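This is final.txt (compact mmCIF, C-alpha atoms and all ligand atoms).
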```txt
# COMPACT_ATOMS: atom_id res chain seq x y z
CA MET J 9 0.00 0.00 0.00
CA LYS J 10 1.23 3.47 -0.86
CA PHE J 11 2.18 5.62 2.13
CA SER J 12 -0.33 8.30 1.14
CA ASP J 13 -3.15 5.68 1.22
CA LEU J 14 -2.43 4.63 4.81
CA PRO J 15 -4.81 5.78 7.56
CA ARG J 16 -3.79 8.96 9.37
CA GLU J 17 -2.97 7.09 12.62
CA GLU J 18 -0.47 4.86 10.83
CA LYS J 19 1.25 7.81 9.24
CA GLU J 20 1.53 9.52 12.62
CA LEU J 21 2.89 6.32 14.13
CA HIS J 22 5.54 6.14 11.43
CA ILE J 23 6.67 9.72 12.16
CA ASN J 24 6.61 9.31 15.93
CA ASN J 25 8.42 5.98 15.79
CA TYR J 26 11.11 7.64 13.72
CA PHE J 27 11.66 10.51 16.16
CA ASN J 28 11.60 8.16 19.14
CA SER J 29 14.35 6.11 17.51
CA VAL J 30 16.69 9.03 16.73
CA SER J 31 19.68 9.23 19.07
CA LYS J 32 19.07 11.45 22.12
CA ASP J 33 22.31 13.32 21.52
CA GLU J 34 21.26 14.18 17.97
CA PHE J 35 17.66 15.03 18.77
CA SER J 36 18.35 17.23 21.76
CA PHE J 37 20.98 19.30 19.93
CA ILE J 38 18.71 19.87 16.94
CA SER J 39 15.53 20.50 18.93
CA SER J 40 17.17 22.94 21.34
CA ASN J 41 18.71 24.92 18.46
CA VAL J 42 15.91 24.41 15.96
CA ARG J 43 15.12 28.11 15.40
CA GLU J 44 18.76 29.06 14.82
CA ILE J 45 19.30 26.10 12.50
CA ARG J 46 16.18 26.93 10.49
CA SER J 47 17.15 30.59 10.26
CA ILE J 48 20.60 29.59 8.94
CA ALA J 49 19.03 27.18 6.44
CA VAL J 50 16.50 29.79 5.19
CA SER J 51 19.25 32.38 4.65
CA VAL J 52 21.55 29.87 2.92
CA LEU J 53 18.75 28.64 0.67
CA LYS J 54 17.99 32.16 -0.59
CA ILE J 55 21.58 32.52 -1.77
CA LEU J 56 21.85 29.00 -3.24
CA TYR J 57 18.70 29.62 -5.30
CA LYS J 58 20.39 32.61 -6.90
CA TYR J 59 23.24 30.48 -8.24
CA ARG J 60 21.51 27.17 -8.83
CA ASP J 61 21.93 25.84 -12.36
CA LYS J 62 19.15 23.31 -12.82
CA ASN J 63 20.60 21.96 -16.04
CA LEU J 64 23.93 21.03 -14.54
CA THR J 65 24.40 17.28 -14.24
CA PHE J 66 26.93 14.99 -12.70
CA TYR J 67 28.39 14.47 -16.17
CA ASP J 68 29.37 18.15 -16.34
CA TYR J 69 31.36 17.56 -13.22
CA TYR J 70 32.89 14.34 -14.40
CA ASN J 71 33.67 15.67 -17.84
CA CYS J 72 37.06 17.06 -16.85
CA PRO J 73 40.67 16.49 -17.92
CA ARG J 74 42.60 13.41 -16.87
CA MET J 75 45.09 13.50 -14.05
CA ASP J 76 47.06 10.56 -12.70
CA TYR J 77 46.84 9.42 -9.10
CA TYR J 78 50.35 10.52 -8.07
CA SER J 79 49.89 14.02 -9.49
CA LYS J 80 46.61 14.36 -7.59
CA VAL J 81 48.18 13.13 -4.37
CA LYS J 82 51.16 15.47 -4.74
CA LEU J 83 48.90 18.45 -5.39
CA VAL J 84 46.72 17.73 -2.36
CA ASN J 85 49.75 17.04 -0.11
CA ASP J 86 51.26 20.35 -1.30
CA PHE J 87 48.01 22.16 -0.60
CA TYR J 88 47.83 20.85 2.97
CA LYS J 89 51.46 21.78 3.49
CA SER J 90 50.61 25.32 2.36
CA ILE J 91 47.96 25.59 5.10
CA GLY J 92 50.32 24.23 7.75
CA ILE J 93 49.22 20.59 7.80
CA ARG J 94 51.65 17.82 6.98
CA ILE J 95 49.98 14.84 5.38
CA ASP J 96 51.14 12.10 3.05
CA ILE J 97 48.14 10.59 1.31
CA ASP J 98 50.07 7.84 -0.42
CA GLU J 99 51.52 6.71 2.88
CA LEU J 100 48.01 6.61 4.39
CA VAL J 101 46.84 4.53 1.44
CA ASN J 102 49.79 2.15 1.86
CA ASN J 103 49.08 1.86 5.60
CA GLY J 104 45.51 0.92 4.86
CA ASP J 105 44.14 4.00 6.69
CA ILE J 106 42.68 5.25 3.45
CA HIS J 107 41.08 2.99 0.91
CA LEU J 108 41.74 3.70 -2.71
CA CYS J 109 39.06 2.49 -5.11
CA ASN J 110 40.24 2.22 -8.67
CA ASN J 111 37.30 2.71 -10.99
CA ASP J 112 36.72 2.26 -14.60
CA ASP J 113 36.14 5.73 -15.95
CA THR J 114 33.07 4.86 -17.93
CA ILE J 115 29.98 5.68 -15.94
CA SER J 116 26.66 4.11 -16.72
CA ASP J 117 23.35 5.84 -16.12
CA GLU J 118 22.64 3.89 -12.95
CA ASP J 119 26.09 4.69 -11.73
CA THR J 120 26.16 8.44 -11.96
CA SER J 121 27.00 8.65 -8.30
CA ILE J 122 30.00 6.34 -8.47
CA LEU J 123 32.39 9.08 -7.44
CA LEU J 124 30.05 10.26 -4.73
CA VAL J 125 29.60 6.73 -3.41
CA ASN J 126 33.31 6.28 -3.19
CA HIS J 127 33.93 9.45 -1.39
CA VAL J 128 31.41 8.68 1.30
CA ARG J 129 33.16 7.75 4.50
CA GLY J 130 32.94 4.31 6.04
CA GLU J 131 29.88 4.14 8.28
CA ASN J 132 31.41 2.53 11.33
CA SER J 133 34.97 3.59 11.11
CA SER J 134 36.27 6.83 12.47
CA THR J 135 39.59 6.79 10.70
CA ASN J 136 38.92 5.29 7.30
CA ALA J 137 38.26 7.35 4.25
CA PHE J 138 37.54 6.21 0.74
CA LEU J 139 39.09 7.86 -2.27
CA SER J 140 38.21 6.96 -5.82
CA ASN J 141 40.74 6.89 -8.58
CA SER J 142 39.44 6.82 -12.10
CA GLY J 143 42.08 9.10 -13.53
CA LYS J 144 40.02 12.30 -13.50
CA SER J 145 41.34 15.63 -12.21
CA VAL J 146 38.14 16.37 -10.26
CA GLU J 147 39.09 13.63 -7.82
CA ALA J 148 41.84 15.87 -6.43
CA ILE J 149 39.07 18.15 -5.09
CA ILE J 150 37.41 15.13 -3.51
CA TYR J 151 40.74 14.08 -1.98
CA ALA J 152 41.17 17.56 -0.47
CA HIS J 153 37.65 17.30 1.00
CA GLU J 154 37.96 13.75 2.34
CA ILE J 155 41.40 14.33 3.83
CA ALA J 156 39.89 17.20 5.84
CA HIS J 157 37.31 14.74 7.27
CA TYR J 158 40.12 12.30 7.92
CA ILE J 159 42.15 14.86 9.89
CA ASP J 160 39.10 16.22 11.69
CA GLU J 161 38.06 12.77 12.89
CA HIS J 162 41.43 12.23 14.49
CA TYR J 163 40.51 14.64 17.26
CA PRO J 164 37.81 13.59 19.73
CA LYS J 165 34.56 15.55 19.42
CA GLU J 166 32.76 16.07 22.70
CA ASP J 167 29.42 17.17 21.42
CA PHE J 168 27.05 16.41 18.62
CA GLY J 169 27.01 20.06 17.53
CA ARG J 170 30.72 19.95 16.87
CA ARG J 171 30.41 16.67 14.97
CA LEU J 172 27.78 18.39 12.85
CA LEU J 173 30.43 20.87 11.78
CA SER J 174 32.64 18.22 10.18
CA GLU J 175 31.33 19.12 6.75
CA THR J 176 32.14 22.78 7.41
CA VAL J 177 35.79 21.88 7.93
CA ALA J 178 35.79 19.69 4.82
CA ILE J 179 34.08 22.31 2.66
CA SER J 180 36.30 25.16 3.86
CA SER J 181 39.37 23.05 3.08
CA GLU J 182 37.90 22.15 -0.30
CA MET J 183 37.25 25.86 -1.05
CA LEU J 184 40.79 26.76 -0.02
CA PHE J 185 42.07 23.96 -2.25
CA LEU J 186 40.13 25.43 -5.18
CA ASP J 187 41.74 28.79 -4.51
CA PHE J 188 45.10 27.01 -4.40
CA VAL J 189 44.56 25.48 -7.86
CA LYS J 190 42.67 28.41 -9.34
CA ASP J 191 45.07 29.02 -12.20
CA ASN J 192 45.38 25.34 -13.03
CA SER J 193 43.38 24.61 -16.18
CA LEU J 194 42.74 21.03 -15.00
CA PHE J 195 40.09 22.33 -12.63
CA ASP J 196 36.84 24.05 -13.47
CA CYS J 197 36.08 25.99 -10.31
CA GLU J 198 32.86 27.36 -11.80
CA VAL J 199 31.34 23.93 -12.44
CA HIS J 200 32.37 22.85 -8.97
CA ALA J 201 30.79 25.88 -7.28
CA LYS J 202 27.62 25.39 -9.33
CA LEU J 203 27.43 21.71 -8.44
CA ARG J 204 27.75 22.47 -4.75
CA ALA J 205 25.06 25.15 -5.07
CA LYS J 206 22.76 22.69 -6.84
CA ASP J 207 23.30 19.73 -4.48
CA PHE J 208 23.12 21.77 -1.33
CA THR J 209 19.94 23.50 -2.47
CA VAL J 210 18.19 20.16 -2.03
CA SER J 211 19.68 19.34 1.36
CA THR J 212 19.24 22.88 2.69
CA PHE J 213 15.58 22.87 1.65
CA GLU J 214 15.22 19.54 3.44
CA ALA J 215 16.98 20.95 6.53
CA ILE J 216 14.21 23.57 6.83
CA GLU J 217 11.55 20.89 6.56
CA TRP J 218 13.29 18.71 9.15
CA CYS J 219 13.41 21.67 11.53
CA ASN J 220 9.63 22.10 11.20
CA TYR J 221 8.92 18.43 11.95
CA ILE J 222 11.41 18.35 14.83
CA GLU J 223 10.04 21.53 16.37
CA SER J 224 6.49 20.15 16.20
CA PHE J 225 7.50 16.80 17.67
CA ALA J 226 9.51 18.44 20.47
CA LEU J 227 6.55 20.62 21.50
CA HIS J 228 4.32 17.76 22.65
CA GLY J 229 6.67 14.79 22.50
CA SER J 230 4.65 13.56 19.53
CA TYR J 231 3.69 14.66 16.04
CA ASN J 232 -0.05 15.30 15.86
CA ILE J 233 -2.50 17.83 14.50
CA ASP J 234 -2.04 20.15 17.49
CA SER J 235 1.74 20.20 17.39
CA PHE J 236 1.54 20.60 13.60
CA ASN J 237 -0.72 23.65 13.89
CA GLU J 238 1.68 25.37 16.26
CA VAL J 239 4.60 25.25 13.82
CA HIS J 240 3.47 24.56 10.27
CA LYS J 241 1.09 26.36 8.01
CA GLY J 242 -1.07 24.50 5.58
CA ASP J 243 -2.54 21.06 5.29
CA TYR J 244 -1.86 18.44 7.97
CA GLU J 245 -2.47 15.48 5.66
CA SER J 246 0.10 16.81 3.15
CA SER J 247 2.62 17.24 5.94
CA LEU J 248 2.16 13.60 6.95
CA ASN J 249 2.72 12.50 3.36
CA PHE J 250 5.69 14.80 2.85
CA PHE J 251 7.44 13.36 5.88
CA ASN J 252 7.69 10.07 4.01
CA THR J 253 9.39 11.81 1.07
CA LEU J 254 11.85 13.42 3.45
CA TYR J 255 12.44 10.14 5.25
CA ASN J 256 13.29 8.40 1.96
CA SER J 257 15.49 11.19 0.64
CA ASN J 258 19.13 10.62 -0.26
CA TYR J 259 20.11 12.82 2.66
CA SER J 260 19.60 12.10 6.34
CA VAL J 261 18.56 14.85 8.73
CA VAL J 262 22.20 15.08 9.87
CA ASP J 263 23.44 15.39 6.26
CA CYS J 264 20.96 18.20 5.61
CA ILE J 265 22.00 20.25 8.63
CA ASN J 266 25.65 19.42 8.03
CA HIS J 267 25.37 20.80 4.49
CA CYS J 268 23.63 24.04 5.38
CA PHE J 269 26.09 24.69 8.23
CA ALA J 270 28.93 24.11 5.77
CA MET J 271 27.53 26.57 3.23
CA PHE J 272 26.96 29.08 6.02
CA PHE J 273 30.30 28.93 7.84
CA ALA J 274 32.85 27.71 5.28
CA PRO J 275 32.83 30.81 3.00
CA TYR J 276 33.40 32.96 6.11
CA ILE J 277 36.35 30.77 7.14
CA VAL J 278 37.81 31.08 3.63
CA TYR J 279 37.34 34.85 3.71
CA GLN J 280 39.07 35.08 7.09
CA TYR J 281 41.86 32.85 5.85
CA HIS J 282 42.60 35.19 2.96
CA ILE J 283 42.39 38.51 4.79
CA ASN J 284 43.53 37.68 8.31
CA LYS J 285 47.14 36.53 8.72
CA GLU J 286 46.63 35.42 12.32
CA PHE J 287 43.61 33.35 11.32
CA SER J 288 45.40 31.72 8.40
CA LYS J 289 48.26 30.72 10.68
CA SER J 290 45.84 29.06 13.06
CA TYR J 291 43.53 27.50 10.44
CA LYS J 292 44.53 23.99 11.49
CA GLU J 293 43.32 24.72 15.04
CA ILE J 294 39.68 24.44 13.98
CA PHE J 295 40.26 20.71 13.31
CA LYS J 296 41.26 20.23 16.94
CA THR J 297 38.22 21.88 18.53
CA SER J 298 36.05 19.40 20.36
CA ASN J 299 32.88 21.35 21.08
CA ILE J 300 30.79 23.88 19.24
CA ASP J 301 31.75 26.80 21.51
CA ASP J 302 35.47 26.26 20.93
CA PHE J 303 34.85 25.93 17.21
CA MET J 304 33.02 29.27 17.13
CA LYS J 305 35.77 30.87 19.20
CA ALA J 306 38.43 29.57 16.81
CA MET J 307 36.43 31.02 13.91
CA GLY J 308 35.92 34.32 15.73
CA ILE J 309 32.13 34.04 15.57
CA ASN J 310 29.64 34.91 18.28
CA LEU J 311 26.63 32.88 17.18
CA SER J 312 24.20 34.66 19.50
CA ILE J 313 24.71 37.98 17.68
CA VAL J 314 25.02 36.65 14.15
CA ASP J 315 22.25 37.72 11.81
CA SER J 316 21.99 34.82 9.39
CA ASP J 317 20.88 36.88 6.37
CA SER J 318 23.74 39.37 6.72
CA PHE J 319 26.23 36.61 7.42
CA CYS J 320 25.33 34.95 4.12
CA ILE J 321 27.18 37.74 2.31
CA PHE J 322 30.25 35.49 2.57
CA LEU J 323 28.47 32.68 0.71
CA ASP J 324 27.05 35.12 -1.82
CA ASN J 325 30.49 36.62 -2.48
CA TYR J 326 32.12 33.22 -2.68
CA LEU J 327 29.65 31.95 -5.28
CA TYR J 328 29.73 35.21 -7.20
CA ARG J 329 33.52 35.14 -7.29
CA ASN J 330 33.58 31.57 -8.61
CA ILE J 331 30.61 31.60 -10.92
CA ASN J 332 30.00 35.09 -12.26
CA SER J 333 33.54 36.37 -12.31
CA ASN J 334 34.67 33.33 -14.32
CA ARG J 335 31.91 33.88 -16.83
CA LEU J 336 32.98 37.50 -17.10
CA LYS J 337 36.57 36.48 -17.78
CA ARG J 338 35.50 34.07 -20.50
CA HIS J 339 33.54 36.72 -22.36
CA ILE J 340 36.36 39.26 -22.40
ZN ZN N 401 32.03 15.68 3.40
```

Using structure tokens, write down the structure that the file contains.
Ligand SMILES: [Zn+2]
Amino acid sequence: MKFSDLPREEKELHINNYFNSVSKDEFSFISSNVREIRSIAVSVLKILYKYRDKNLTFYDYYNCPRMDYYSKVKLVNDFYKSIGIRIDIDELVNNGDIHLCNNDDTISDEDTSILLVNHVRGENSSTNAFLSNSGKSVEAIIYAHEIAHYIDEHYPKEDFGRRLLSETVAISSEMLFLDFVKDNSLFDCEVHAKLRAKDFTVSTFEAIEWCNYIESFALHGSYNIDSFNEVHKGDYESSLNFFNTLYNSNYSVVDCINHCFAMFFAPYIVYQYHINKEFSKSYKEIFKTSNIDDFMKAMGINLSIVDSDSFCIFLDNYLYRNINSNRLKRHI
């Protein structure tokens, strides 16, 4: 039977069972910060919509020049050295800490996410990372991103909020890597920025929806018509049905919040890195922070006074710089 054909009570049960099964750590962080998270997601989404290119596909991303594994590794090692972090990817691969997946570079329709699948981290392991190697230059960007997760996970994270910022660290490192390779014709920074804007539009939209469901559930300890009416606007039955869409999405609630945090904070970190010598010297310190307060302190942000719309100027400028300014250059 289709979810939408189920009786209302069963749909509610499905939603409430889900929230009762979510880890306490996760749920309490999100529910106690739900307004701030939603405000961040709404502001981020407005900017992402401006730059979203609906026609862009994964093939645009994958359609890039070839680059051999050792050149990619050298470039990423050199980048990390330039930001004060010594890492030897090949050594980590040889040690077995990082798994290298050699792919055929022909991608079938069902397999459009082959690169994405391979750059997803191992579920149960805190130190393993997966890197794909199909001979394409774009994989160097993925290496830069995954190595940031790898380094970040080496430091214990006390709270769930800080763990939620792992993507921020990975995305800021990825953005700095793109600045590092900007003049290298093997990388199309515009396509990359557009792809991030497109992908994260979906997860940021879903983050807002998750916040609405979580806020309703937290109000009465269950999702029902009364808790719905206090938070949502619109039709209760549609909200029950939409929950199922959200539940079956490619992104989990944690992914969605992780992504919108990353789009919110990472461009600011990159900006600070470029203009503030002291900050750039201590960039690696953000990897070591174990709770959200220390992370904010290391970034120089006071979250309680941040206005999310104004703060999104960093994201707006970052995307403008990578998307519009490149187009401008090409037309000259
Ligand atoms: Zn990531």

>> Can you pull out the residues contacting Asp243 (chain J)? Cut-off 10 Å, using only C-alpha atoms, and skip same-chain residues under 6 positions away; I want them as a ChimeraX atom specification.
In response: /J:233,236-237

>> If the limit is 7 Å from any atom of ligand ZN 401 (chain N), counting all atoms listed in the file, which residues qualify? Return them as a VMD selection string.
In response: chain J and resid 153 to 154 157 175 178 to 179

> Hey, can you pull every residue with an atom no more than 10 Å from (27.3, 23.7, -1.2), using only C-alpha atoms, and send it as a ChimeraX atom specification?
Replying inline: /J:52,56,176,179,200-212,267-272,274-275,323,327

>> Please list as a PyMOL selection string every residue within 9 Å of region 82-86 of chain J, counting only C-alpha atoms and excluding residues in the same chain fewer than 2 positions away.
In response: chain J and resi 77-80+88-91+93-98+148-149+151-152+155+185+189

> Using all atoms listed in the file, which residue out of J:Ser181, J:Asn256, J:Asn232, J:Leu248 lies closest to Ser288 (chain J)?
Replying inline: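 Of all the options, J:Ser181 lies closest to Ser288 (chain J).
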
> Using all atoms listed in the file, can you list as an MDAnalysis selection string the residues within 12 Å of (5.1, 9.8, 10.0)?
Replying inline: chainID J and resid 11:12 14:28 221:222 225 230:233 236 244:256

> Please, what distance in Å, to one decimal, runs between CA of Tyr276 (chain J) and CA of Asn258 (chain J)?
Replying inline: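 Distance reported for this atom pair: 27.3 Å.
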
> In Å to one decimal, how far is CA of Ser180 (chain J) from CA of Arg43 (chain J)?
Replying inline: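 CA of Arg43 (chain J) sits 24.3 Å away from CA of Ser180 (chain J).
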
> Hey, what's within 8 Å of Val199 (chain J) if we count all atoms listed in the file and toss same-chain stuff fewer than 4 positions away? As a PyMOL selection string, please?
Replying inline: chain J and resi 68-69+203+331

> For Ser39 (chain J), which residue among J:Leu186, J:Leu227, J:Glu166, J:Tyr57 is the nearest when counting only C-alpha atoms?
Replying inline: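 Among J:Leu186, J:Leu227, J:Glu166, J:Tyr57, it is J:Leu227 that comes nearest to Ser39 (chain J).
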
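Every protein, DNA or RNA residue with an atom at most 9 Å from region 305-321 of chain J, where only C-alpha atoms count and chain neighbours fewer than 6 positions away do not, is listed here: J:Glu44, J:Ser47, J:Ile48, J:Ala49, J:Val50, J:Ser51, J:Val52, J:Lys54, J:Ile55, J:Met271, J:Phe272, J:Phe273, J:Pro275, J:Tyr276, J:Ile277, J:Gln280, J:Phe287, J:Ser290, J:Tyr291, J:Glu293, J:Ile294, J:Thr297.
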
>> When you count all atoms listed in the file, which of these residues is closest to Ser31 (chain J): J:Asn102, J:Phe168, J:Phe66, J:Asn332?
In response: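 For Ser31 (chain J), the nearest of the candidates is J:Phe168.
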
> Suppose you want the space between CA of Glu161 (chain J) and CA of His282 (chain J); what is it in Å?
Replying inline: 24.9 Å

Mind giving me the axis-aligned box for region 52-64 of chain J with 4 Å on every side, centre plus edges in Å to one decimal, as JSON?
```
{"center_x": 21.0, "center_y": 26.8, "center_z": -6.6, "size_x": 13.9, "size_y": 19.6, "size_z": 27.0}
```

> Using all atoms listed in the file, which residue out of J:Val146, J:Ile45, J:Leu100, J:Ile106 lies closest to Leu194 (chain J)?
Replying inline: J:Val146

> Which residue gives the smallest distance to Val101 (chain J) among J:Asn330, J:Asn141, J:Ser29, J:Ser40, with only C-alpha atoms counted?
Replying inline: J:Asn141
